[in-house]
$ cat run13.cif   # mmCIF, C-alpha atoms
data_my_file
loop_
_atom_site.label_atom_id
_atom_site.label_comp_id
_atom_site.auth_asym_id
_atom_site.auth_seq_id
_atom_site.Cartn_x
_atom_site.Cartn_y
_atom_site.Cartn_z
CA MET A 241 -9.16 -40.23 1.79
CA LYS A 242 -5.72 -39.09 2.87
CA HIS A 243 -3.17 -37.87 0.36
CA ILE A 244 0.60 -37.72 0.76
CA GLN A 245 0.65 -34.44 -1.14
CA LYS A 246 -1.79 -31.71 -0.23
CA ARG A 247 -3.93 -30.72 -3.20
CA ILE A 248 -3.90 -26.92 -3.17
CA LEU A 249 -5.95 -24.57 -5.34
CA VAL A 250 -4.60 -21.04 -5.86
CA THR A 251 -7.11 -18.73 -7.57
CA GLY A 252 -5.51 -15.75 -9.26
CA GLY A 253 -2.40 -17.91 -9.39
CA ALA A 254 -0.88 -16.23 -12.46
CA GLY A 255 -1.04 -12.79 -10.84
CA PHE A 256 1.65 -10.94 -8.89
CA LEU A 257 1.04 -12.46 -5.46
CA GLY A 258 -0.45 -15.69 -6.78
CA SER A 259 2.57 -16.60 -8.91
CA HIS A 260 4.94 -16.13 -5.98
CA LEU A 261 2.65 -18.25 -3.80
CA CYS A 262 2.42 -21.02 -6.42
CA GLU A 263 6.20 -21.01 -6.78
CA ARG A 264 6.71 -21.43 -3.03
CA LEU A 265 4.06 -24.17 -2.72
CA VAL A 266 5.50 -26.09 -5.68
CA GLU A 267 8.94 -25.94 -4.06
CA HIS A 268 7.38 -27.36 -0.89
CA GLY A 269 6.24 -30.40 -2.88
CA ASP A 270 2.47 -30.02 -2.72
CA ASP A 271 0.19 -30.65 -5.72
CA ILE A 272 -0.76 -27.19 -7.01
CA LEU A 273 -3.70 -26.24 -9.24
CA CYS A 274 -3.16 -22.66 -10.45
CA LEU A 275 -6.37 -21.01 -11.67
CA ASP A 276 -6.57 -17.68 -13.52
CA ASN A 277 -8.71 -15.98 -16.17
CA TYR A 278 -5.77 -13.73 -17.21
CA PHE A 279 -7.61 -10.45 -16.80
CA THR A 280 -4.60 -9.11 -14.88
CA GLY A 281 -2.61 -12.32 -14.38
CA GLN A 282 -0.01 -13.29 -16.99
CA LYS A 283 1.12 -16.73 -18.15
CA LYS A 284 4.73 -15.59 -18.16
CA ASN A 285 4.53 -15.22 -14.36
CA ILE A 286 4.17 -18.99 -13.96
CA ALA A 287 5.84 -20.18 -17.20
CA HIS A 288 8.84 -21.50 -15.27
CA LEU A 289 6.53 -23.81 -13.30
CA LEU A 290 4.79 -25.46 -16.29
CA GLY A 291 7.28 -28.32 -16.52
CA LYS A 292 6.85 -29.30 -12.87
CA THR A 293 4.96 -32.56 -12.29
CA ASN A 294 3.17 -31.11 -9.25
CA PHE A 295 1.92 -27.98 -11.04
CA GLU A 296 -1.21 -27.65 -13.18
CA LEU A 297 -2.64 -24.56 -14.88
CA LEU A 298 -6.35 -23.94 -15.52
CA ARG A 299 -8.01 -21.00 -17.26
CA HIS A 300 -11.18 -20.28 -15.31
CA ASP A 301 -13.21 -17.36 -13.96
CA ILE A 302 -14.28 -17.91 -10.35
CA THR A 303 -17.57 -16.11 -10.93
CA PHE A 304 -18.56 -19.52 -12.38
CA PRO A 305 -18.63 -22.69 -10.23
CA LEU A 306 -15.61 -24.98 -10.20
CA TYR A 307 -15.67 -28.73 -9.59
CA VAL A 308 -12.30 -30.07 -8.45
CA GLU A 309 -11.01 -32.04 -5.47
CA VAL A 310 -8.79 -30.01 -3.13
CA ASP A 311 -7.54 -29.91 0.46
CA GLU A 312 -6.73 -26.19 0.67
CA ILE A 313 -7.82 -23.08 -1.23
CA TYR A 314 -6.03 -19.75 -1.42
CA ASN A 315 -8.57 -17.32 -2.90
CA LEU A 316 -6.48 -14.53 -4.43
CA ALA A 317 -8.54 -13.95 -7.59
CA CYS A 318 -9.52 -10.29 -8.05
CA PRO A 319 -7.93 -7.29 -9.76
CA ALA A 320 -6.23 -5.40 -6.94
CA SER A 321 -5.11 -2.08 -8.43
CA PRO A 322 -7.50 0.86 -9.02
CA ILE A 323 -6.71 1.11 -12.73
CA HIS A 324 -7.69 -2.55 -13.20
CA TYR A 325 -10.61 -2.96 -10.81
CA GLN A 326 -12.23 0.29 -12.03
CA HIS A 327 -12.01 -0.87 -15.67
CA ASP A 328 -15.03 -3.16 -15.14
CA PRO A 329 -16.41 -2.35 -11.68
CA VAL A 330 -19.43 -4.65 -11.97
CA GLN A 331 -17.20 -7.60 -12.79
CA THR A 332 -14.89 -6.62 -9.90
CA THR A 333 -17.79 -6.84 -7.46
CA LYS A 334 -18.91 -10.13 -9.00
CA THR A 335 -15.39 -11.55 -8.64
CA SER A 336 -15.30 -10.65 -4.95
CA VAL A 337 -18.86 -11.72 -4.10
CA HIS A 338 -19.86 -14.47 -6.57
CA GLY A 339 -16.27 -15.69 -6.53
CA ALA A 340 -16.30 -15.98 -2.75
CA ILE A 341 -19.61 -17.86 -2.83
CA ASN A 342 -18.27 -20.32 -5.42
CA MET A 343 -14.99 -20.92 -3.60
CA LEU A 344 -16.76 -21.28 -0.24
CA GLY A 345 -19.15 -23.74 -1.84
CA LEU A 346 -16.20 -25.73 -3.14
CA ALA A 347 -14.58 -25.67 0.30
CA LYS A 348 -17.85 -26.81 1.89
CA ARG A 349 -18.19 -29.77 -0.51
CA THR A 350 -14.55 -30.89 -0.24
CA LYS A 351 -14.12 -29.94 3.45
CA ALA A 352 -11.12 -27.87 2.41
CA LYS A 353 -9.42 -25.17 4.44
CA ILE A 354 -9.84 -21.82 2.65
CA LEU A 355 -7.94 -18.52 2.91
CA GLN A 356 -9.40 -15.26 1.65
CA ALA A 357 -7.03 -12.59 0.37
CA SER A 358 -8.85 -9.55 1.72
CA THR A 359 -7.35 -6.09 1.70
CA SER A 360 -6.48 -3.01 3.71
CA GLU A 361 -9.07 -1.26 1.52
CA VAL A 362 -11.78 -2.63 3.84
CA TYR A 363 -10.72 0.23 6.13
CA GLY A 364 -11.39 2.85 3.42
CA ASP A 365 -9.91 6.27 4.26
CA PRO A 366 -9.27 5.42 7.91
CA GLN A 367 -10.02 7.71 10.83
CA VAL A 368 -8.03 5.42 13.14
CA HIS A 369 -4.26 5.19 12.78
CA PRO A 370 -2.61 2.72 12.65
CA GLN A 371 -5.43 0.38 11.65
CA THR A 372 -6.27 -2.56 13.91
CA GLU A 373 -8.53 -5.47 12.98
CA ALA A 374 -11.12 -4.15 15.44
CA TYR A 375 -11.61 -0.98 13.33
CA TRP A 376 -14.73 -1.21 11.13
CA GLY A 377 -13.51 1.26 8.55
CA HIS A 378 -14.58 4.48 6.85
CA VAL A 379 -15.70 3.49 3.35
CA ASN A 380 -17.68 5.31 0.67
CA PRO A 381 -20.21 2.66 -0.46
CA ILE A 382 -21.00 4.40 -3.79
CA GLY A 383 -17.62 5.80 -4.83
CA LEU A 384 -15.30 4.83 -7.68
CA ARG A 385 -13.33 2.49 -5.42
CA SER A 386 -16.32 0.86 -3.74
CA CYS A 387 -16.57 -1.99 -6.27
CA TYR A 388 -13.34 -3.27 -4.71
CA ASP A 389 -13.67 -1.96 -1.14
CA GLU A 390 -17.23 -3.12 -0.60
CA GLY A 391 -16.75 -6.27 -2.67
CA LYS A 392 -13.96 -7.35 -0.34
CA ARG A 393 -15.96 -6.35 2.74
CA CYS A 394 -18.90 -8.48 1.53
CA ALA A 395 -16.51 -11.37 0.86
CA GLU A 396 -15.35 -11.19 4.48
CA THR A 397 -19.00 -11.30 5.59
CA LEU A 398 -19.59 -14.40 3.50
CA PHE A 399 -16.50 -16.13 4.86
CA PHE A 400 -17.52 -15.60 8.47
CA ASP A 401 -21.14 -16.56 7.78
CA TYR A 402 -20.00 -19.80 6.14
CA HIS A 403 -17.75 -20.36 9.16
CA ARG A 404 -20.58 -19.81 11.65
CA GLN A 405 -23.34 -21.54 9.68
CA HIS A 406 -21.45 -24.38 7.99
CA HIS A 407 -18.39 -24.65 10.27
CA LEU A 408 -15.96 -24.02 7.42
CA ASN A 409 -12.27 -23.77 8.26
CA ILE A 410 -11.55 -20.19 7.12
CA LYS A 411 -8.65 -17.74 7.24
CA VAL A 412 -9.10 -14.05 6.36
CA ALA A 413 -5.96 -12.04 5.59
CA ARG A 414 -6.17 -8.25 5.19
CA ILE A 415 -3.25 -7.61 2.86
CA PHE A 416 -1.65 -4.17 2.86
CA ASN A 417 0.50 -2.68 0.04
CA THR A 418 2.83 -5.35 -1.32
CA TYR A 419 5.50 -4.90 -3.98
CA GLY A 420 8.24 -6.84 -5.75
CA PRO A 421 9.15 -8.58 -9.02
CA ARG A 422 6.26 -9.53 -11.34
CA MET A 423 4.22 -6.44 -10.55
CA HIS A 424 2.36 -5.39 -13.68
CA PRO A 425 4.09 -2.30 -15.18
CA ASN A 426 0.72 -0.69 -15.95
CA ASP A 427 -1.16 -1.54 -12.77
CA GLY A 428 -1.28 2.06 -11.57
CA ARG A 429 0.18 1.21 -8.15
CA VAL A 430 2.55 3.71 -6.68
CA VAL A 431 5.70 1.55 -6.55
CA SER A 432 5.42 0.32 -10.13
CA ASN A 433 4.35 3.79 -11.35
CA PHE A 434 7.34 5.52 -9.78
CA ILE A 435 9.86 2.89 -10.89
CA VAL A 436 8.64 2.77 -14.51
CA GLN A 437 8.56 6.57 -14.74
CA ALA A 438 12.04 6.81 -13.22
CA LEU A 439 13.56 4.18 -15.54
CA LYS A 440 12.01 5.89 -18.58
CA GLY A 441 13.22 9.30 -17.44
CA GLU A 442 9.65 10.59 -17.31
CA PRO A 443 8.28 12.96 -14.66
CA ILE A 444 7.32 11.11 -11.47
CA THR A 445 3.65 11.73 -10.72
CA VAL A 446 2.83 12.40 -7.07
CA TYR A 447 -0.86 12.94 -6.27
CA GLY A 448 -1.82 15.57 -3.72
CA ASP A 449 1.10 17.14 -1.88
CA GLY A 450 2.84 13.80 -1.36
CA SER A 451 2.20 13.72 2.38
CA GLN A 452 -0.24 10.77 2.20
CA THR A 453 1.34 7.61 3.55
CA ARG A 454 1.55 3.91 2.74
CA SER A 455 3.36 0.93 4.24
CA PHE A 456 5.18 -1.33 1.80
CA CYS A 457 5.71 -5.06 2.34
CA TYR A 458 8.10 -7.00 0.09
CA VAL A 459 6.44 -9.95 -1.64
CA ASP A 460 8.63 -12.65 -0.03
CA ASP A 461 7.60 -11.45 3.42
CA MET A 462 3.94 -11.48 2.41
CA ILE A 463 4.10 -15.03 1.06
CA ASN A 464 5.73 -16.16 4.32
CA ALA A 465 2.80 -14.61 6.21
CA VAL A 466 0.08 -16.14 4.05
CA ILE A 467 1.56 -19.65 4.23
CA ALA A 468 2.07 -19.34 8.01
CA PHE A 469 -1.57 -18.25 8.35
CA MET A 470 -2.84 -21.26 6.40
CA ALA A 471 -0.84 -23.54 8.69
CA THR A 472 -2.48 -22.26 11.90
CA LYS A 473 -5.00 -24.24 13.95
CA ASP A 474 -8.60 -24.43 12.76
CA THR A 475 -9.68 -22.08 15.56
CA VAL A 476 -7.49 -19.28 14.15
CA THR A 477 -9.64 -17.46 11.59
CA GLY A 478 -8.43 -13.86 11.67
CA PRO A 479 -9.00 -11.41 10.19
CA PHE A 480 -5.32 -10.50 10.50
CA ASN A 481 -3.56 -7.49 9.06
CA LEU A 482 -0.60 -8.58 6.94
CA GLY A 483 1.82 -5.86 5.91
CA ASN A 484 4.80 -3.79 6.90
CA PRO A 485 4.13 -1.38 9.78
CA VAL A 486 6.90 1.02 8.69
CA GLU A 487 5.22 4.06 7.14
CA PHE A 488 6.49 6.22 4.25
CA SER A 489 5.03 9.29 2.57
CA MET A 490 4.60 9.29 -1.20
CA LEU A 491 7.21 12.03 -1.45
CA GLU A 492 9.71 9.94 0.53
CA LEU A 493 9.08 6.97 -1.76
CA ALA A 494 9.52 9.07 -4.90
CA GLU A 495 12.79 10.56 -3.63
CA THR A 496 14.09 7.11 -2.66
CA ILE A 497 13.34 5.67 -6.10
CA ILE A 498 14.94 8.67 -7.81
CA ARG A 499 18.11 8.05 -5.79
CA LEU A 500 18.17 4.28 -6.36
CA THR A 501 17.55 4.51 -10.12
CA GLN A 502 19.84 7.55 -10.53
CA THR A 503 17.24 9.01 -12.87
CA THR A 504 16.99 12.59 -14.08
CA SER A 505 13.20 12.49 -13.57
CA GLU A 506 11.57 15.37 -11.74
CA ILE A 507 8.59 15.13 -9.40
CA VAL A 508 5.31 16.66 -10.61
CA PHE A 509 2.20 17.05 -8.46
CA LYS A 510 -1.37 16.30 -9.56
CA PRO A 511 -4.76 16.41 -7.78
CA LEU A 512 -5.54 13.59 -5.35
CA PRO A 513 -7.97 10.98 -6.82
CA ALA A 514 -11.43 10.56 -5.25
CA ASP A 515 -11.57 8.52 -2.02
CA ASP A 516 -7.80 7.96 -2.05
CA PRO A 517 -6.79 7.15 1.57
CA THR A 518 -4.57 9.78 3.16
CA GLN A 519 -2.84 7.34 5.47
CA ARG A 520 -2.42 3.59 5.64
CA ARG A 521 -0.41 1.62 8.17
CA PRO A 522 -1.22 -1.79 9.65
CA ASP A 523 -1.10 -2.74 13.29
CA ILE A 524 0.30 -6.28 12.95
CA SER A 525 0.21 -7.26 16.63
CA MET A 526 -2.27 -10.07 15.91
CA ALA A 527 -0.12 -11.52 13.12
CA LYS A 528 3.00 -11.33 15.29
CA LYS A 529 1.24 -13.17 18.09
CA ASN A 530 -0.64 -15.81 16.11
CA LEU A 531 1.70 -16.40 13.15
CA GLU A 532 5.03 -15.59 14.82
CA TRP A 533 5.67 -13.44 11.76
CA GLU A 534 6.86 -9.95 10.93
CA PRO A 535 8.45 -8.47 7.79
CA LYS A 536 12.21 -8.78 7.40
CA VAL A 537 13.01 -7.04 4.10
CA LYS A 538 13.81 -3.31 4.35
CA LEU A 539 12.30 -0.96 1.78
CA GLU A 540 15.55 -0.13 -0.03
CA GLU A 541 16.52 -3.81 -0.30
CA GLY A 542 13.13 -4.71 -1.77
CA LEU A 543 13.16 -1.71 -4.11
CA HIS A 544 16.57 -2.74 -5.49
CA LYS A 545 15.17 -6.16 -6.45
CA THR A 546 12.00 -4.63 -7.90
CA ILE A 547 13.94 -2.02 -9.91
CA ASN A 548 16.16 -4.77 -11.36
CA PHE A 549 13.03 -6.69 -12.43
CA PHE A 550 11.58 -3.65 -14.20
CA LYS A 551 14.92 -2.91 -15.89
CA GLU A 552 14.75 -6.37 -17.50
CA ILE A 553 11.14 -6.17 -18.74
CA LEU A 554 11.40 -2.55 -19.98
CA ILE A 555 14.40 -3.23 -22.24
#

$ encode --input "run13.cif" --output "structure tokens"
Amino acid sequence: MKHIQKRILVTGGAGFLGSHLCERLVEHGDDILCLDNYFTGQKKNIAHLLGKTNFELLRHDITFPLYVEVDEIYNLACPASPIHYQHDPVQTTKTSVHGAINMLGLAKRTKAKILQASTSEVYGDPQVHPQTEAYWGHVNPIGLRSCYDEGKRCAETLFFDYHRQHHLNIKVARIFNTYGPRMHPNDGRVVSNFIVQALKGEPITVYGDGSQTRSFCYVDDMINAVIAFMATKDTVTGPFNLGNPVEFSMLELAETIIRLTQTTSEIVFKPLPADDPTQRRPDISMAKKNLEWEPKVKLEEGLHKTINFFKEILI
């Protein structure tokens, strides 16, 4: 059966990335089923969409099977910040692995195209810089972060095995640090941490000596990439790195946020957490070539928008 509107399932749709994706897909006119168990997602992120005739909300945990009819699946469901995924590490692994099996099973039954939101964490603490998709990573399989790192690595394995064995139409996106409005204020990620501390006038916590690096992609750019990836030919599976290749040290980020917020906060240094990567920067050559995509939003522009969001919710 052919449908005028695509029926699209977004798991983790009430989360940071998921809510922005749902918003964009609803605007496009497709029929969107937003699924979330609200462990880290929040209803307020998608409240403005509830009155739309092409938007539906379902509370569900993807570690349990789901029986719906869909044409495309964006599998974003999984806590993505250390403070959240380490809260219940067994459930984090189940979400990545059992969740992938359930969503792949759904895609197999409905013949749906399915995109997996993987992560730069599959590279662990990389010994290759910048990271290309050909790099297999340097991951501690029994560390505090491995519930997420290895869970996502296993999910990638499952996606490619379903592709090879059952000829599923898959897309695997390795998402690097993304920031913007609707980030959870207590997610423990560096951008939200620094902004919240700065706006409250609290000391800004930098771990290690602040020389470790990250690359920050504004959420609008990331949503553009994910949608462009889903629209590629069936033969284009990835994995593709999606992120901003411009690299900043933690100290540079802290100083930039101090300047933009005009805070009186001082920087304090604390020991580096276990298995925390010392450098992280994507090589996005594959995404540029296959998706005709690269980030447009500069860090300061994105930070301004993110700071304004946090000013509103912290009042």

$ resolve_selection --input "run13.cif" --expression "the PyMOL selection byres ((chain A and resi 425) around 9)" --output "PyMOL selection string"
chain A and resi 422-424+426-429+432-433+435-436+550+553-554

$ closest_residue --input "run13.cif" --among "A:Glu506, A:Asp474, A:Glu312, A:Glu296" --to "A:Ile444" --atoms "only C-alpha atoms"
A:Glu506

$ atom_distance --input "run13.cif" --atom1 "atom CA of A:Asp328" --atom2 "atom CA of A:Tyr388"
10.6 Å

$ residues_around --input "run13.cif" --residues "stretch 261-273 of chain A" --least-positions-apart "2" --cutoff "7 Å" --atoms "all atoms listed in the file" --output "mmCIF file with C-alpha atoms, keeping the file's coordinate frame"
data_model
loop_
_atom_site.group_PDB
_atom_site.id
_atom_site.type_symbol
_atom_site.label_atom_id
_atom_site.label_comp_id
_atom_site.auth_asym_id
_atom_site.auth_seq_id
_atom_site.Cartn_x
_atom_site.Cartn_y
_atom_site.Cartn_z
ATOM 1 C CA GLN A 245 0.650 -34.440 -1.140
ATOM 2 C CA LYS A 246 -1.790 -31.710 -0.230
ATOM 3 C CA ARG A 247 -3.930 -30.720 -3.200
ATOM 4 C CA ILE A 248 -3.900 -26.920 -3.170
ATOM 5 C CA LEU A 249 -5.950 -24.570 -5.340
ATOM 6 C CA VAL A 250 -4.600 -21.040 -5.860
ATOM 7 C CA GLY A 253 -2.400 -17.910 -9.390
ATOM 8 C CA LEU A 257 1.040 -12.460 -5.460
ATOM 9 C CA GLY A 258 -0.450 -15.690 -6.780
ATOM 10 C CA SER A 259 2.570 -16.600 -8.910
ATOM 11 C CA LEU A 275 -6.370 -21.010 -11.670
ATOM 12 C CA ASN A 294 3.170 -31.110 -9.250
ATOM 13 C CA PHE A 295 1.920 -27.980 -11.040
ATOM 14 C CA GLU A 296 -1.210 -27.650 -13.180
ATOM 15 C CA LEU A 297 -2.640 -24.560 -14.880
ATOM 16 C CA ILE A 463 4.100 -15.030 1.060
#

$ resolve_selection --input "run13.cif" --expression "the PyMOL selection byres ((chain A and resi 485) around 9)" --output "PyMOL selection string"
chain A and resi 370+455-457+483-484+486-487+521-524+535

$ closest_residue --input "run13.cif" --among "A:Gln437, A:Val430, A:Thr475, A:Ile467" --to "A:Arg454" --atoms "only C-alpha atoms"
A:Val430

$ resolve_selection --input "run13.cif" --expression "the PyMOL selection byres ((chain A and resi 334-348) around 10)" --output "ChimeraX atom specification"
/A:249,251,301-319,329-333,349-356,358,387-399,402-403,406-410

$ atom_distance --input "run13.cif" --atom1 "atom CA of A:Ile415" --atom2 "atom CA of A:Phe469"
12.1 Å

$ atom_distance --input "run13.cif" --atom1 "atom CA of A:Ala494" --atom2 "atom CA of A:Leu482"
23.5 Å

$ closest_residue --input "run13.cif" --among "A:Phe488, A:Gly420, A:Val476, A:Lys510" --to "A:Val537" --atoms "only C-alpha atoms"
A:Gly420

$ closest_residue --input "run13.cif" --among "A:Gly478, A:Gly448, A:Gly281, A:Pro517" --to "A:Pro366" --atoms "all atoms listed in the file"
A:Pro517

$ closest_residue --input "run13.cif" --among "A:Lys283, A:His544, A:His260, A:Lys411" --to "A:Val431" --atoms "only C-alpha atoms"
A:His544

$ closest_residue --input "run13.cif" --among "A:Glu495, A:Leu531, A:Tyr278, A:Ala438" --to "A:Met470" --atoms "only C-alpha atoms"
A:Leu531

$ residues_around --input "run13.cif" --residues "A:Glu540" --least-positions-apart "2" --cutoff "10 Å" --atoms "all atoms listed in the file" --output "ChimeraX atom specification"
/A:493,496-497,500,537-538,542-546

$ axis_aligned_box --input "run13.cif" --around "stretch 425-443 of chain A" --padding-each-side "5 Å" --output "lines of an AutoDock Vina configuration file"
center_x = 6.1
center_y = 5.3
center_z = -12.6
size_x = 24.8
size_y = 25.3
size_z = 22.0

$ decode --input "run13.cif" --residues "stretch 326-335 of chain A" --atoms "all heavy atoms" --output "mmCIF file, in the first residue's frame"
data_model
loop_
_atom_site.group_PDB
_atom_site.id
_atom_site.type_symbol
_atom_site.label_atom_id
_atom_site.label_comp_id
_atom_site.auth_asym_id
_atom_site.auth_seq_id
_atom_site.Cartn_x
_atom_site.Cartn_y
_atom_site.Cartn_z
ATOM 1 N N GLN A 326 24.693 6.373 33.090
ATOM 2 C CA GLN A 326 25.343 5.642 34.178
ATOM 3 C C GLN A 326 24.410 5.452 35.373
ATOM 4 O O GLN A 326 24.733 4.699 36.288
ATOM 5 C CB GLN A 326 26.612 6.369 34.609
ATOM 6 C CG GLN A 326 27.713 6.310 33.559
ATOM 7 C CD GLN A 326 28.928 7.148 33.906
ATOM 8 O OE1 GLN A 326 29.051 7.657 35.014
ATOM 9 N NE2 GLN A 326 29.831 7.296 32.951
ATOM 10 N N HIS A 327 23.256 6.116 35.355
ATOM 11 C CA HIS A 327 22.290 5.969 36.461
ATOM 12 C C HIS A 327 21.765 4.538 36.537
ATOM 13 O O HIS A 327 21.593 3.982 37.625
ATOM 14 C CB HIS A 327 21.129 6.949 36.256
ATOM 15 C CG HIS A 327 20.003 6.757 37.234
ATOM 16 N ND1 HIS A 327 20.110 7.137 38.556
ATOM 17 C CD2 HIS A 327 18.756 6.208 37.087
ATOM 18 C CE1 HIS A 327 18.987 6.844 39.175
ATOM 19 N NE2 HIS A 327 18.152 6.272 38.318
ATOM 20 N N ASP A 328 21.501 3.939 35.371
ATOM 21 C CA ASP A 328 21.026 2.554 35.308
ATOM 22 C C ASP A 328 21.733 1.894 34.125
ATOM 23 O O ASP A 328 21.155 1.745 33.053
ATOM 24 C CB ASP A 328 19.504 2.527 35.128
ATOM 25 C CG ASP A 328 18.908 1.127 35.262
ATOM 26 O OD1 ASP A 328 19.696 0.145 35.216
ATOM 27 O OD2 ASP A 328 17.670 1.007 35.391
ATOM 28 N N PRO A 329 23.007 1.513 34.313
ATOM 29 C CA PRO A 329 23.803 1.037 33.182
ATOM 30 C C PRO A 329 23.254 -0.219 32.514
ATOM 31 O O PRO A 329 23.387 -0.379 31.299
ATOM 32 C CB PRO A 329 25.185 0.785 33.793
ATOM 33 C CG PRO A 329 24.972 0.697 35.264
ATOM 34 C CD PRO A 329 23.796 1.554 35.564
ATOM 35 N N VAL A 330 22.636 -1.102 33.286
ATOM 36 C CA VAL A 330 22.071 -2.314 32.686
ATOM 37 C C VAL A 330 20.937 -1.939 31.732
ATOM 38 O O VAL A 330 20.848 -2.451 30.607
ATOM 39 C CB VAL A 330 21.574 -3.292 33.774
ATOM 40 C CG1 VAL A 330 20.798 -4.448 33.153
ATOM 41 C CG2 VAL A 330 22.755 -3.820 34.587
ATOM 42 N N GLN A 331 20.081 -1.022 32.180
ATOM 43 C CA GLN A 331 18.980 -0.594 31.322
ATOM 44 C C GLN A 331 19.498 0.154 30.091
ATOM 45 O O GLN A 331 18.918 0.058 29.009
ATOM 46 C CB GLN A 331 18.005 0.298 32.111
ATOM 47 C CG GLN A 331 16.754 0.699 31.341
ATOM 48 C CD GLN A 331 15.883 -0.483 30.954
ATOM 49 O OE1 GLN A 331 15.923 -1.537 31.609
ATOM 50 N NE2 GLN A 331 15.103 -0.338 29.893
ATOM 51 N N THR A 332 20.597 0.890 30.246
ATOM 52 C CA THR A 332 21.201 1.589 29.105
ATOM 53 C C THR A 332 21.624 0.589 28.038
ATOM 54 O O THR A 332 21.352 0.765 26.844
ATOM 55 C CB THR A 332 22.412 2.421 29.557
ATOM 56 O OG1 THR A 332 21.964 3.451 30.448
ATOM 57 C CG2 THR A 332 23.113 3.064 28.381
ATOM 58 N N THR A 333 22.296 -0.482 28.469
ATOM 59 C CA THR A 333 22.712 -1.512 27.509
ATOM 60 C C THR A 333 21.505 -2.185 26.872
ATOM 61 O O THR A 333 21.476 -2.425 25.659
ATOM 62 C CB THR A 333 23.595 -2.566 28.211
ATOM 63 O OG1 THR A 333 24.704 -1.918 28.834
ATOM 64 C CG2 THR A 333 24.117 -3.593 27.208
ATOM 65 N N LYS A 334 20.478 -2.464 27.688
ATOM 66 C CA LYS A 334 19.262 -3.073 27.142
ATOM 67 C C LYS A 334 18.607 -2.161 26.103
ATOM 68 O O LYS A 334 18.110 -2.629 25.074
ATOM 69 C CB LYS A 334 18.262 -3.351 28.266
ATOM 70 C CG LYS A 334 18.592 -4.556 29.134
ATOM 71 C CD LYS A 334 17.507 -4.765 30.180
ATOM 72 C CE LYS A 334 17.775 -5.999 31.019
ATOM 73 N NZ LYS A 334 16.714 -6.206 32.046
ATOM 74 N N THR A 335 18.593 -0.861 26.380
ATOM 75 C CA THR A 335 17.968 0.080 25.442
ATOM 76 C C THR A 335 18.697 0.055 24.110
ATOM 77 O O THR A 335 18.071 0.055 23.042
ATOM 78 C CB THR A 335 17.961 1.499 26.024
ATOM 79 O OG1 THR A 335 17.237 1.492 27.263
ATOM 80 C CG2 THR A 335 17.305 2.486 25.071
#
